[in-house]
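S.K.: The structure under discussion is supplied below as structure tokens; questions concerning it will follow.
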Amino acid sequence: MTCSAPPSAVLHCGNYRLDLARPLIMGIVNVTPDSFSDGGLHARTDTAVAHARALLAAGADILDIGGESTRPGAEPVPLSEELDRVIPVIEALAGEGVLLSIDTYKPEVMRAAVAAGAGMINDVFGLRQPGALEAAAGTDAAVCVMHMQGTPQTMQAAPVYTDVVAEVAAFLSERVAACQAAGIARDRIVVDPGFGFGKTTAHNIALLRGLGEIVRRTGRPLLAGLSRKSVLGRITTREKATDRVAASVASGLVAVQNGARILRVHDVDATLDMVRVWQALEEAA
Ligand code: 7PM
């Protein structure tokens, strides 16, 4: 089931229109409990907002704000705790003139985040949790639907695919159809193969090589999240996530060359340099 239409160049995200003619950079903002000082809610909000502003200054086009409820291997965070983490950060950044994305799979967090100013919903469960599709459809935000085999608690135990590229493409096509059936217009939808979410090293490599096929089959703009991931640690033998910046940029370039239009990254500055190099070569073509 192929779709020959090119991914639309403009993504509708609430009041924002995102031009995807060039690859965009989504900076990661984790709102996590402060492990250094017990500074409480205000200190945590301030730390996250300061980090977000630094990512903006470095050239981020989108900020992805997460309360750490969807990290691989992580235990779920209670709803009230997740709201307490992310909503104050979204409120503080809502006037900055940048697209804010909420990283959540909980319908209540989606609604509250969009009400507070988020224009994109990033759901690692691909809007499969009860009520998530309806919650997203009830907003005018863009949605990023991601593929994951299993759950964050179990997914890395023993991932199995016959043809990982075909299966991820089929899953994402089904989720795009489900979104549209729920009333989410096609021009609001982004797809994501979910690097590291129920995938071995070989699966991740096959997906990176096959990104173009996923773009063609889904007919939607593709977001790639490879930044500092453990697959890059295994390939490079870099144990510390912060030592994986070069590998992140290298894999990001391959993703862009294979059709990715949004890169979800920690290292916005290095990623922007890469995108500029790629762009200079594109413009000379
Ligand atoms: C530990 C391991 C902590 C992995 C955090 C992670 C994606 C995402 C994440 C992605 C989209 C991370 C991941 N990854 N959302 N959320 N795509 N759309 O590296 O690949 O931040 S959590």
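Every chain in the structure tokens has a letter given in the order shown (A, B, ...), and although residue numbers restart at 1 in each chain, ligands are simply numbered from 1 in the order shown.
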Residues within 7 Å of ligand 1 (only C-alpha atoms and all ligand atoms), as a list in words?
M.R.: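 Listed by chain and ascending number, the contacts are Ile28, Thr70, Arg71, Pro72, Asp103, Asn122, Asp123, Val124, Cys144, Met146, Asp192, Gly194, Phe195, Leu223, Ala224, Gly225, Leu226, Ser227, Arg228, Lys229 and Arg264 of chain A.
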S.K.: Could you give me, as an MDAnalysis selection string, each residue of range 31-212 of chain A that DSSP assigns to strand (DSSP E) when run on this structure's backbone?
M.R.: chainID A and resid 62:66 99:103 120:123 142:146 189:192
S.K.: If you measure from CA of Ile90 in chain A to CA of Gly14 in chain A, what distance in Å do you get, rounded to one decimal?
M.R.: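 Atom-to-atom, CA of Ile90 in chain A to CA of Gly14 in chain A, that is 14.7 Å.
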S.K.: If you run DSSP on this backbone, which residues of range 144-271 of chain A come out as alpha helix (DSSP H), and could you give them as a PyMOL selection string?
M.R.: chain A and resi 164-181+201-209+211-218+230-236+245-257+268-271
S.K.: Pick out the residues sitting within 8 Å of Ala255 in chain A, and hand them over as a PyMOL selection string; count only C-alpha atoms, and ignore anything fewer than 4 positions along from it in its own chain.
M.R.: chain A and resi 208+211+224+251+259-260
S.K.: Just write the chosen residues, N, CA and C atoms, as an mmCIF file, in the first residue's frame.
M.R.:
data_model
loop_
_atom_site.group_PDB
_atom_site.id
_atom_site.type_symbol
_atom_site.label_atom_id
_atom_site.label_comp_id
_atom_site.auth_asym_id
_atom_site.auth_seq_id
_atom_site.Cartn_x
_atom_site.Cartn_y
_atom_site.Cartn_z
ATOM 1 N N LEU A 208 16.583 2.984 9.997
ATOM 2 C CA LEU A 208 17.264 4.190 9.518
ATOM 3 C C LEU A 208 17.517 4.079 8.007
ATOM 4 N N LEU A 211 14.021 4.475 6.092
ATOM 5 C CA LEU A 211 13.175 5.634 6.404
ATOM 6 C C LEU A 211 12.406 6.147 5.180
ATOM 7 N N ALA A 224 12.254 11.941 13.416
ATOM 8 C CA ALA A 224 13.212 10.919 13.846
ATOM 9 C C ALA A 224 13.830 11.312 15.182
ATOM 10 N N SER A 251 23.841 10.211 12.679
ATOM 11 C CA SER A 251 22.613 9.466 12.388
ATOM 12 C C SER A 251 21.490 10.417 11.986
ATOM 13 N N GLY A 259 14.882 11.343 4.261
ATOM 14 C CA GLY A 259 13.545 11.931 4.191
ATOM 15 C C GLY A 259 12.949 12.444 5.487
ATOM 16 N N ALA A 260 13.656 12.338 6.630
ATOM 17 C CA ALA A 260 13.118 12.866 7.887
ATOM 18 C C ALA A 260 12.968 14.379 7.781
#
S.K.: A:Glu68, A:Asp187, A:Glu96, A:Glu91: which is nearest Asp46 in chain A, counting only C-alpha atoms?
M.R.: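 Selected residue with least distance to Asp46 in chain A: A:Glu91.
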S.K.: If we count only C-alpha atoms and set the cut-off at 12 Å, which residues sit around Ala54 in chain A, ignoring sequence neighbours fewer than 3 positions away in its own chain? Please answer as a list in words.
M.R.: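 Once the nearby chain positions are removed, what remains is Gly27, Ile28, Val29, Thr47, Ala48, Val49, Ala50, His51, Ala57, Ala58, Gly59, Ala60, Leu63, His266, Asp267, Val268 and Asp269 of chain A.
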S.K.: Which residues are near Ala112 in chain A? Cut-off 8 Å, only C-alpha atoms, ignore same chain within fewer than 4 positions. Put them as a PyMOL selection string.
M.R.: chain A and resi 83+87+108+116
S.K.: So what do you get for CA of Ala157 in chain A versus CA of Thr201 in chain A, distance-wise?
M.R.: 12.8 Å
S.K.: For the contact check between range 201-254 of chain A and range 271-283 of chain A, emit one row per residue of range 201-254 of chain A within 12 Å, containing the shortest atom pair and the distance in Å rounded to one decimal, counting only C-alpha atoms, chain then rising number order, as CSV.
M.R.:
residue,atom,partner,partner_atom,distance
A:Leu226,CA,A:Thr271,CA,11.6
A:Ser227,CA,A:Thr271,CA,9.7
A:Val245,CA,A:Thr271,CA,9.0
A:Ala246,CA,A:Thr271,CA,9.4
A:Ala247,CA,A:Thr271,CA,10.9
A:Ser248,CA,A:Thr271,CA,8.3
A:Val249,CA,A:Thr271,CA,5.8
A:Ala250,CA,A:Met274,CA,8.4
A:Ser251,CA,A:Thr271,CA,10.4
A:Gly252,CA,A:Thr271,CA,7.6
A:Leu253,CA,A:Met274,CA,6.9
A:Val254,CA,A:Trp278,CA,10.2
S.K.: Convert the current residue selection to file output with C-alpha atoms, as a tab-separated table (two decimals), in the first residue's frame.
M.R.:
chain	number	residue	atom	x	y	z
A	226	LEU	CA	17.87	9.13	17.58
A	227	SER	CA	19.52	11.67	19.86
A	245	VAL	CA	26.69	13.86	20.29
A	246	ALA	CA	28.76	13.10	17.17
A	247	ALA	CA	26.91	9.82	16.66
A	248	SER	CA	23.60	11.66	17.12
A	249	VAL	CA	24.51	14.25	14.48
A	250	ALA	CA	25.78	11.56	12.07
A	251	SER	CA	22.61	9.47	12.39
A	252	GLY	CA	20.51	12.63	12.15
A	253	LEU	CA	22.14	13.45	8.82
A	254	VAL	CA	21.34	9.97	7.49
S.K.: Taking 4 positions as the minimum chain separation for residues in the same chain, which residues sit within 9 Å of Leu93 in chain A when counting only C-alpha atoms? Answer as a ChimeraX atom specification.
M.R.: /A:49,52-53,88-89,97-98,100,117
S.K.: Hey, which of A:Gln180, A:Thr242, A:Gln129, A:Asn204 ends up closest to Val165 in chain A? Count only C-alpha atoms.
M.R.: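 For Val165 in chain A, the nearest of the candidates is A:Asn204.
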